[in-house]
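Colleague: Here it is, the structure, as structure tokens.
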Amino acid sequence: MALSVRELCKAYAHLLAVDHVSFDVGRGEIVGLLGPNGAGKTTIINSVLDVLTPTSGSIRIAGVEVARERSRALARTNFAAVYATLPGNLTVAENLRFFGLIYGVHGLTQRIEALLRQFALGALRDTKCGVLSSGELTRVSLAKSVLNHPQLLLLDEPTASLDPSAARELRAGIRQLARQGNCGVLWTSHNMYEVEEICDRVLFLSHGRILLEGDPRALPHQHGAPNLEELFIQLAREPLAQRAGALA
Amino acid sequence: MKLRPIAAIVLRQWYLMRGSPVRVLPLFSWVAIDIVLWGFITRYLNSVSASGINFTAVMLGAVLMWDLFGRVMQGVTTGFLEDVWSRNFLNLFASPLTTSEYVTGLVIASIAGSVIGLAVMLALAVPVFGLSFIALGSHLLMFLGVLFGFGVALGVLASAMVLRLGPASEWLVWPIPALLSPFCGVFYPLAVLPAWMRAVAYALPPSYVFEGMRALLFGRPFAAAPLVWAALLTGADIVLAGWCFVGVYRFAVRSGLLARYSAETVS
């Protein structure tokens, strides 16, 4: 397994942000983590990345428990998120070298060159990230996120600032990476078209709990919705108790 | 601790310097201004005083040493603030980088920058104003070690404070050296301080350095024991500051502060 989450809980003083969530992401599998704002998606991602300590539960990345062997576990993963841009005062190449050293990437110079080519960043290598367009910055973040050949890749709305053409290319690239690199991908997005296209499986999250799980192309029909977006809206609006009751 | 992540933090500071001459300027500018200002003040005092005291060695030397301490402290804090300003915490702390590797990288980068600053200070103060540390002999290394160490401890502690209280609290960091200087007896002996200030001074390692410097420069007997005590105190301060940083970091991870670190966070 690329990722194994068991009985994950995160409680704040007056809020249960994540409530006994368990799921797996297999090698080469792309899993969509869906849900309305505040459903607990980012809390789960932050817990996996160990920037947020869960109240209880366990997280294993490629078989390594995060709570016990943090550095070893995090060396096997990487992430890109719209809210975690790379330092704008470093150039593209400097950022890749900086994070490459942190992740202990071997053959770093060659790896950086390969990524600059793969993500069409060669012309921008000496440009400071702070002056890049949002699309270019997304490409740099993605290049950083695959620097260390991760076994688990966490992508939080990776195409949010990309035009449709660039987003399609990115999805193709991630699918190829997942298949060829045997890398599990946990993908969050509010774009249901995109989710249907790329995800092998989706988890619908609401109020910190998983409500539904399955194939994004089959789920709408199974639950009487015309498409994934309509199903999402229904789930987001419907009180958790009703849905849970209906499912029971 | 692994070397490559530490090297990454040091390299990042080098990239920042290389990429922006504006960051290089403060390494030299304030130091140069201080040296010139105090150089002329002490030259004037030497010309009008019949006390026989060499004000250049006593006061300009003290300014230079105090600047060095402030530079080390601010070097550590500024390195940390670079990650605050560029909102880089998630990228850094969601990686295999450990807090000890991170802090060690900041300290090494700060000491490297401070050594460059020290070289510039000496290059200006020695030939232009005739500053000489020969009277301090081998004790100079010990004095420098204590000041470097205490600068590191305060820099780490200040970084912990910014992590806990949020980026806006950086304004509490900059005045710290100025707040401590009256207690440390940079320009006067601790004997002139009232009892309560002297009690604070004895808890601050730099006060032993400046007392020792004055003793050597005035040709008085030099007691090594207080300086050894200062070194031990500095070591304890470094350990305490590191413990504090790790404690704040763990709190920030547990409470969610790190994940939603923003401009006015105090929770």
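By convention here, the chains of the structure tokens are called A, B, ... in the order presented, each chain's residues are numbered starting at 1, and ligands are numbered starting at 1 in the order presented.
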Among the residues of stretch 18-211 of chain A, find those DSSP assigns to helix (DSSP H, G or I) from the backbone and print them as a ChimeraX atom specification.
Modeller: /A:41-48,70-74,92-102,108-118,122-124,129-131,134-145,164-180,192-198
Colleague: At a cut-off of 7 Å, which residues of chain B touch chain A? Count only C-alpha atoms and give the answer as a list in words.
Modeller: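 Listing them in order of chain and number gives Arg4, Pro5, Ala8, Arg12, Tyr15, Leu16, Ser86, Asn88, Leu90, Asn91, Phe93, Ala94, Ser95, Pro96, Leu97, Val253, Arg254, Gly256, Leu258 and Ala259 of chain B.
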Colleague: How would the residues just picked look written out with N, CA and C atoms as a CSV table (one decimal), in the first residue's frame?
Modeller:
chain,number,residue,atom,x,y,z
B,4,ARG,N,22.8,16.5,4.5
B,4,ARG,CA,22.2,17.1,3.3
B,4,ARG,C,21.1,18.1,3.6
B,5,PRO,N,20.2,17.8,4.5
B,5,PRO,CA,19.1,18.8,4.8
B,5,PRO,C,19.7,20.0,5.5
B,8,ALA,N,21.1,22.1,2.9
B,8,ALA,CA,20.1,22.7,2.1
B,8,ALA,C,19.7,24.1,2.8
B,12,ARG,N,20.3,27.6,1.0
B,12,ARG,CA,19.2,28.5,0.8
B,12,ARG,C,19.6,30.0,1.2
B,15,TYR,N,21.8,31.3,-1.5
B,15,TYR,CA,21.0,31.7,-2.6
B,15,TYR,C,20.3,33.1,-2.4
B,16,LEU,N,19.8,33.3,-1.2
B,16,LEU,CA,19.1,34.5,-0.9
B,16,LEU,C,20.1,35.7,-1.0
B,86,SER,N,8.1,33.9,3.4
B,86,SER,CA,7.8,33.2,2.1
B,86,SER,C,6.7,32.1,2.3
B,88,ASN,N,6.7,29.3,3.9
B,88,ASN,CA,7.3,28.1,3.4
B,88,ASN,C,7.2,26.9,4.4
B,90,LEU,N,4.9,24.9,5.4
B,90,LEU,CA,4.3,23.6,5.0
B,90,LEU,C,5.3,22.8,4.2
B,91,ASN,N,5.9,23.5,3.2
B,91,ASN,CA,6.9,22.8,2.3
B,91,ASN,C,8.0,22.2,3.2
B,93,PHE,N,8.2,21.6,6.7
B,93,PHE,CA,7.9,20.7,7.8
B,93,PHE,C,7.1,19.5,7.4
B,94,ALA,N,6.6,19.5,6.1
B,94,ALA,CA,6.0,18.3,5.6
B,94,ALA,C,7.0,17.5,4.8
B,95,SER,N,8.2,17.7,5.1
B,95,SER,CA,9.3,17.0,4.4
B,95,SER,C,10.1,16.2,5.5
B,96,PRO,N,11.1,15.4,5.1
B,96,PRO,CA,11.8,14.6,6.1
B,96,PRO,C,12.7,15.5,7.0
B,97,LEU,N,12.8,16.8,6.7
B,97,LEU,CA,13.6,17.7,7.5
B,97,LEU,C,13.2,17.6,9.0
B,253,VAL,N,2.2,21.7,15.9
B,253,VAL,CA,1.8,20.6,15.1
B,253,VAL,C,0.5,20.0,15.8
B,254,ARG,N,0.5,19.9,17.1
B,254,ARG,CA,-0.6,19.3,17.8
B,254,ARG,C,-1.9,20.1,17.6
B,256,GLY,N,-2.5,22.5,15.4
B,256,GLY,CA,-2.9,22.9,14.0
B,256,GLY,C,-2.4,24.3,13.7
B,258,LEU,N,0.7,25.2,13.1
B,258,LEU,CA,1.6,25.2,12.0
B,258,LEU,C,0.9,25.1,10.6
B,259,ALA,N,-0.1,24.3,10.6
B,259,ALA,CA,-0.8,24.1,9.3
B,259,ALA,C,-1.6,25.3,8.8
Colleague: Just the number, please: distance in Å from atom CA of A:His207 to atom CA of A:Ser161, one decimal.
Modeller: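 About the pair atom CA of A:His207 and atom CA of A:Ser161: they are 26.6 Å apart.
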Colleague: Would you list the contacts of stretch 170-180 of chain B as a JSON list (two decimals) with C-alpha atoms, in the first residue's frame, taking every protein, DNA or RNA residue within 10 Å and counting only C-alpha atoms, but skipping same-chain residues closer than 3 positions in sequence?
Modeller:
[["chain", "number", "residue", "atom", "x", "y", "z"],
["B", 66, "TRP", "CA", 28.25, 43.57, 20.97],
["B", 67, "ASP", "CA", 27.49, 44.04, 17.26],
["B", 69, "PHE", "CA", 26.44, 39.09, 19.28],
["B", 70, "GLY", "CA", 23.46, 40.95, 17.78],
["B", 71, "ARG", "CA", 24.43, 39.82, 14.30],
["B", 73, "MET", "CA", 21.15, 36.40, 17.01],
["B", 74, "GLN", "CA", 19.52, 38.25, 14.14],
["B", 77, "THR", "CA", 16.05, 34.81, 13.51],
["B", 78, "THR", "CA", 16.19, 36.29, 10.01],
["B", 81, "LEU", "CA", 11.74, 34.68, 9.27],
["B", 84, "VAL", "CA", 7.70, 32.96, 7.64],
["B", 151, "GLY", "CA", 23.52, 34.94, 20.11],
["B", 154, "LEU", "CA", 18.61, 34.06, 21.80],
["B", 155, "GLY", "CA", 18.07, 33.66, 18.04],
["B", 157, "LEU", "CA", 14.41, 31.47, 21.42],
["B", 158, "ALA", "CA", 13.21, 34.45, 19.38],
["B", 159, "SER", "CA", 12.31, 32.11, 16.50],
["B", 161, "MET", "CA", 8.48, 33.09, 20.03],
["B", 162, "VAL", "CA", 7.58, 34.05, 16.45],
["B", 163, "LEU", "CA", 6.41, 30.50, 15.76],
["B", 165, "LEU", "CA", 2.83, 34.12, 18.60],
["B", 166, "GLY", "CA", 2.67, 34.57, 14.83],
["B", 167, "PRO", "CA", 4.60, 36.62, 12.27],
["B", 183, "PHE", "CA", 22.25, 44.73, 31.87],
["B", 184, "CYS", "CA", 25.32, 43.33, 30.13],
["B", 185, "GLY", "CA", 27.69, 46.16, 31.06],
["B", 186, "VAL", "CA", 28.88, 46.63, 27.51],
["B", 200, "VAL", "CA", 19.89, 40.10, 36.03],
["B", 201, "ALA", "CA", 23.38, 40.74, 34.64],
["B", 204, "LEU", "CA", 23.54, 36.90, 31.15],
["B", 206, "PRO", "CA", 27.84, 38.56, 27.83],
["B", 207, "SER", "CA", 28.20, 40.49, 31.10]]
Colleague: Determine, counting only C-alpha atoms, which protein, DNA and RNA residues have an atom within 10 Å of an atom of A:Cys183; residues of the same chain fewer than 5 positions away are not included. Present the result as a PDB file with C-alpha atoms, in the first residue's frame.
Modeller:
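Below you can see part00.pdb, which holds the result:
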ATOM      1  CA  MET A   1       0.000   0.000   0.000  1.00  0.00           C
ATOM      2  CA  ALA A   2       1.158   3.555  -0.728  1.00  0.00           C
ATOM      3  CA  VAL A  25      -4.373   4.151  -1.419  1.00  0.00           C
ATOM      4  CA  GLY A  26      -2.799   1.369  -3.453  1.00  0.00           C
ATOM      5  CA  ARG A  27       0.380   1.567  -5.527  1.00  0.00           C
ATOM      6  CA  GLY A  28      -0.432   3.028  -8.928  1.00  0.00           C
ATOM      7  CA  GLU A  29      -3.913   4.039  -7.778  1.00  0.00           C
ATOM      8  CA  ILE A  30      -5.347   7.574  -7.913  1.00  0.00           C
ATOM      9  CA  ALA A  62       4.570   2.813   2.049  1.00  0.00           C
ATOM     10  CA  ARG A  76       8.651   8.371   0.686  1.00  0.00           C
ATOM     11  CA  THR A  77       6.021  10.970  -0.009  1.00  0.00           C
ATOM     12  CA  VAL A 146       7.974  14.340  -7.809  1.00  0.00           C
ATOM     13  CA  HIS A 149      10.221   9.627  -6.830  1.00  0.00           C
ATOM     14  CA  PRO A 150       7.550   9.496  -4.119  1.00  0.00           C
ATOM     15  CA  GLN A 151       5.628   6.318  -3.427  1.00  0.00           C
ATOM     16  CA  LEU A 152       2.742   8.481  -2.263  1.00  0.00           C
ATOM     17  CA  LEU A 153       1.861  11.799  -3.870  1.00  0.00           C
ATOM     18  CA  ILE A 174       0.104  12.300 -13.164  1.00  0.00           C
ATOM     19  CA  ARG A 175      -1.653   9.235 -14.519  1.00  0.00           C
ATOM     20  CA  GLN A 176       1.543   8.196 -16.273  1.00  0.00           C
ATOM     21  CA  LEU A 177       3.538   8.792 -13.098  1.00  0.00           C
ATOM     22  CA  ALA A 178       1.104   6.734 -11.047  1.00  0.00           C
TER      23      ALA A 178
END
Colleague: Which parts of stretch 20-239 of chain A does DSSP call strand (DSSP E or B) when run on the backbone here, written out as number ranges by chain?
Modeller: A: 20-25, 30-34, 56-61, 64-65, 77-81, 91, 128, 152-156, 184-188, 201-206, 209-214
Colleague: Residues as selected, N, CA and C atoms, written as a tab-separated table (two decimals), in the first residue's frame, can you do that?
Modeller:
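After the write, result33.tsv holds the following:
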chain	number	residue	atom	x	y	z
A	20	HIS	N	-12.89	9.07	12.90
A	20	HIS	CA	-12.64	7.64	12.65
A	20	HIS	C	-12.63	7.30	11.15
A	21	VAL	N	-11.74	7.95	10.45
A	21	VAL	CA	-11.62	7.73	9.01
A	21	VAL	C	-10.57	6.64	8.74
A	22	SER	N	-10.94	5.68	7.92
A	22	SER	CA	-9.99	4.63	7.49
A	22	SER	C	-10.08	4.48	5.98
A	23	PHE	N	-8.94	4.43	5.34
A	23	PHE	CA	-8.91	4.17	3.90
A	23	PHE	C	-7.49	3.81	3.47
A	24	ASP	N	-7.37	3.26	2.27
A	24	ASP	CA	-6.06	2.91	1.71
A	24	ASP	C	-5.93	3.56	0.34
A	25	VAL	N	-4.68	3.78	-0.04
A	25	VAL	CA	-4.37	4.15	-1.42
A	25	VAL	C	-3.35	3.13	-1.91
A	30	ILE	N	-5.06	6.15	-8.16
A	30	ILE	CA	-5.35	7.57	-7.91
A	30	ILE	C	-6.69	7.65	-7.20
A	31	VAL	N	-6.65	8.14	-5.98
A	31	VAL	CA	-7.86	8.21	-5.15
A	31	VAL	C	-8.25	9.67	-4.94
A	32	GLY	N	-9.49	9.98	-5.24
A	32	GLY	CA	-9.99	11.34	-5.06
A	32	GLY	C	-10.57	11.51	-3.66
A	33	LEU	N	-10.16	12.57	-2.99
A	33	LEU	CA	-10.71	12.87	-1.67
A	33	LEU	C	-11.63	14.07	-1.86
A	34	LEU	N	-12.93	13.82	-1.81
A	34	LEU	CA	-13.90	14.86	-2.16
A	34	LEU	C	-14.71	15.26	-0.94
A	56	SER	N	-6.10	10.53	17.42
A	56	SER	CA	-5.87	9.08	17.50
A	56	SER	C	-5.85	8.50	16.09
A	57	GLY	N	-5.47	7.25	16.00
A	57	GLY	CA	-5.42	6.59	14.70
A	57	GLY	C	-3.99	6.44	14.23
A	58	SER	N	-3.83	5.71	13.12
A	58	SER	CA	-2.47	5.51	12.60
A	58	SER	C	-2.42	5.79	11.10
A	59	ILE	N	-1.25	6.23	10.68
A	59	ILE	CA	-1.01	6.53	9.26
A	59	ILE	C	0.29	5.85	8.85
A	60	ARG	N	0.23	5.07	7.78
A	60	ARG	CA	1.43	4.41	7.26
A	60	ARG	C	1.64	4.85	5.82
A	61	ILE	N	2.85	5.31	5.54
A	61	ILE	CA	3.21	5.67	4.16
A	61	ILE	C	4.17	4.62	3.66
A	64	VAL	N	5.56	2.50	6.31
A	64	VAL	CA	6.29	3.13	7.43
A	64	VAL	C	5.34	4.01	8.22
A	65	GLU	N	5.28	3.78	9.53
A	65	GLU	CA	4.35	4.53	10.36
A	65	GLU	C	4.88	5.95	10.61
A	77	THR	N	7.19	10.27	0.52
A	77	THR	CA	6.02	10.97	-0.01
A	77	THR	C	6.43	12.37	-0.47
A	78	ASN	N	5.49	13.09	-1.04
A	78	ASN	CA	5.70	14.49	-1.39
A	78	ASN	C	4.32	15.08	-1.69
A	79	PHE	N	4.26	16.35	-1.86
A	79	PHE	CA	2.94	16.96	-2.06
A	79	PHE	C	3.04	18.26	-2.86
A	80	ALA	N	1.91	18.66	-3.38
A	80	ALA	CA	1.76	19.98	-4.01
A	80	ALA	C	0.38	20.49	-3.64
A	81	ALA	N	0.33	21.73	-3.22
A	81	ALA	CA	-0.96	22.31	-2.84
A	81	ALA	C	-0.97	23.78	-3.22
A	91	THR	N	15.02	31.02	-7.32
A	91	THR	CA	14.69	30.69	-8.71
A	91	THR	C	14.14	29.26	-8.77
A	128	LYS	N	12.99	33.81	-10.77
A	128	LYS	CA	12.51	33.67	-9.39
A	128	LYS	C	11.04	33.26	-9.40
A	152	LEU	N	4.06	7.89	-2.50
A	152	LEU	CA	2.74	8.48	-2.26
A	152	LEU	C	2.81	9.96	-2.62
A	153	LEU	N	1.89	10.40	-3.47
A	153	LEU	CA	1.86	11.80	-3.87
A	153	LEU	C	0.53	12.41	-3.43
A	154	LEU	N	0.61	13.51	-2.69
A	154	LEU	CA	-0.60	14.18	-2.23
A	154	LEU	C	-0.78	15.45	-3.04
A	155	LEU	N	-1.89	15.56	-3.73
A	155	LEU	CA	-2.12	16.73	-4.58
A	155	LEU	C	-3.42	17.40	-4.15
A	156	ASP	N	-3.28	18.60	-3.59
A	156	ASP	CA	-4.45	19.32	-3.10
A	156	ASP	C	-4.83	20.38	-4.14
A	184	GLY	N	1.17	5.84	-5.50
A	184	GLY	CA	-0.21	6.10	-5.13
A	184	GLY	C	-0.44	7.61	-5.06
A	185	VAL	N	-1.62	8.04	-5.51
A	185	VAL	CA	-1.91	9.48	-5.52
A	185	VAL	C	-3.20	9.74	-4.76
A	186	LEU	N	-3.14	10.68	-3.83
A	186	LEU	CA	-4.35	11.15	-3.14
A	186	LEU	C	-4.62	12.54	-3.68
A	187	TRP	N	-5.78	12.70	-4.32
A	187	TRP	CA	-6.05	13.91	-5.12
A	187	TRP	C	-7.31	14.58	-4.58
A	188	THR	N	-7.21	15.86	-4.22
A	188	THR	CA	-8.42	16.57	-3.85
A	188	THR	C	-8.73	17.59	-4.93
A	201	ARG	N	-10.83	5.82	-7.89
A	201	ARG	CA	-11.75	5.63	-6.77
A	201	ARG	C	-11.90	6.98	-6.08
A	202	VAL	N	-13.08	7.22	-5.53
A	202	VAL	CA	-13.25	8.47	-4.76
A	202	VAL	C	-13.79	8.16	-3.36
A	203	LEU	N	-13.45	9.06	-2.44
A	203	LEU	CA	-13.99	9.01	-1.09
A	203	LEU	C	-14.75	10.31	-0.88
A	204	PHE	N	-16.04	10.21	-0.58
A	204	PHE	CA	-16.82	11.41	-0.28
A	204	PHE	C	-16.78	11.65	1.21
A	205	LEU	N	-16.33	12.83	1.57
A	205	LEU	CA	-16.15	13.16	2.98
A	205	LEU	C	-17.15	14.24	3.37
A	206	SER	N	-17.75	14.11	4.52
A	206	SER	CA	-18.62	15.17	5.03
A	206	SER	C	-18.55	15.17	6.54
A	209	ARG	N	-16.34	12.58	8.14
A	209	ARG	CA	-16.56	11.13	7.98
A	209	ARG	C	-16.68	10.77	6.50
A	210	ILE	N	-16.31	9.54	6.19
A	210	ILE	CA	-16.45	9.08	4.81
A	210	ILE	C	-17.89	8.61	4.62
A	211	LEU	N	-18.60	9.27	3.69
A	211	LEU	CA	-20.00	8.90	3.43
A	211	LEU	C	-20.12	7.86	2.33
A	212	LEU	N	-19.32	8.05	1.31
A	212	LEU	CA	-19.41	7.15	0.15
A	212	LEU	C	-18.01	6.85	-0.37
A	213	GLU	N	-17.91	5.72	-1.00
A	213	GLU	CA	-16.62	5.34	-1.57
A	213	GLU	C	-16.89	4.49	-2.80
A	214	GLY	N	-16.16	4.75	-3.87
A	214	GLY	CA	-16.38	3.91	-5.05
A	214	GLY	C	-15.82	4.51	-6.32
Colleague: Take atom CA of A:Ala143 and atom CA of A:Gln180 and report the distance between them in Å, one decimal.
Modeller: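 Going from atom CA of A:Ala143 over to atom CA of A:Gln180, I get 16.3 Å.
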Colleague: Fewer than 2 positions away in the same chain doesn't count, so skip those; otherwise give me all residues within 8 Å of B:Val152, counting only C-alpha atoms, as a list in words.
Modeller: Val72, Met73, Val76, Val107, Phe148, Gly149, Phe150, Leu154, Gly155, Val156 and Ile238 of chain B
Colleague: Convert the current residue selection to file output with C-alpha atoms, as a short mmCIF file (atom, residue, chain, number, x, y, z; two decimals), in the first residue's frame.
Modeller:
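Below you can see part_5.cif, which holds the result:
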data_model
loop_
_atom_site.label_atom_id
_atom_site.label_comp_id
_atom_site.auth_asym_id
_atom_site.auth_seq_id
_atom_site.Cartn_x
_atom_site.Cartn_y
_atom_site.Cartn_z
CA VAL B 72 24.52 36.14 15.28
CA MET B 73 21.15 36.40 17.01
CA VAL B 76 19.33 32.93 13.17
CA VAL B 107 22.81 28.50 13.11
CA PHE B 148 28.39 33.53 19.43
CA GLY B 149 26.73 30.93 21.66
CA PHE B 150 24.49 33.39 23.46
CA LEU B 154 18.61 34.06 21.80
CA GLY B 155 18.07 33.66 18.04
CA VAL B 156 16.53 30.21 18.52
CA ILE B 238 21.45 26.93 24.00
#
Colleague: Rounded to one decimal in Å, what is the spacing between atom CA of B:Gly61 and atom CA of B:Asp237?
Modeller: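 Computing it gives 24.5 Å between the two atoms.
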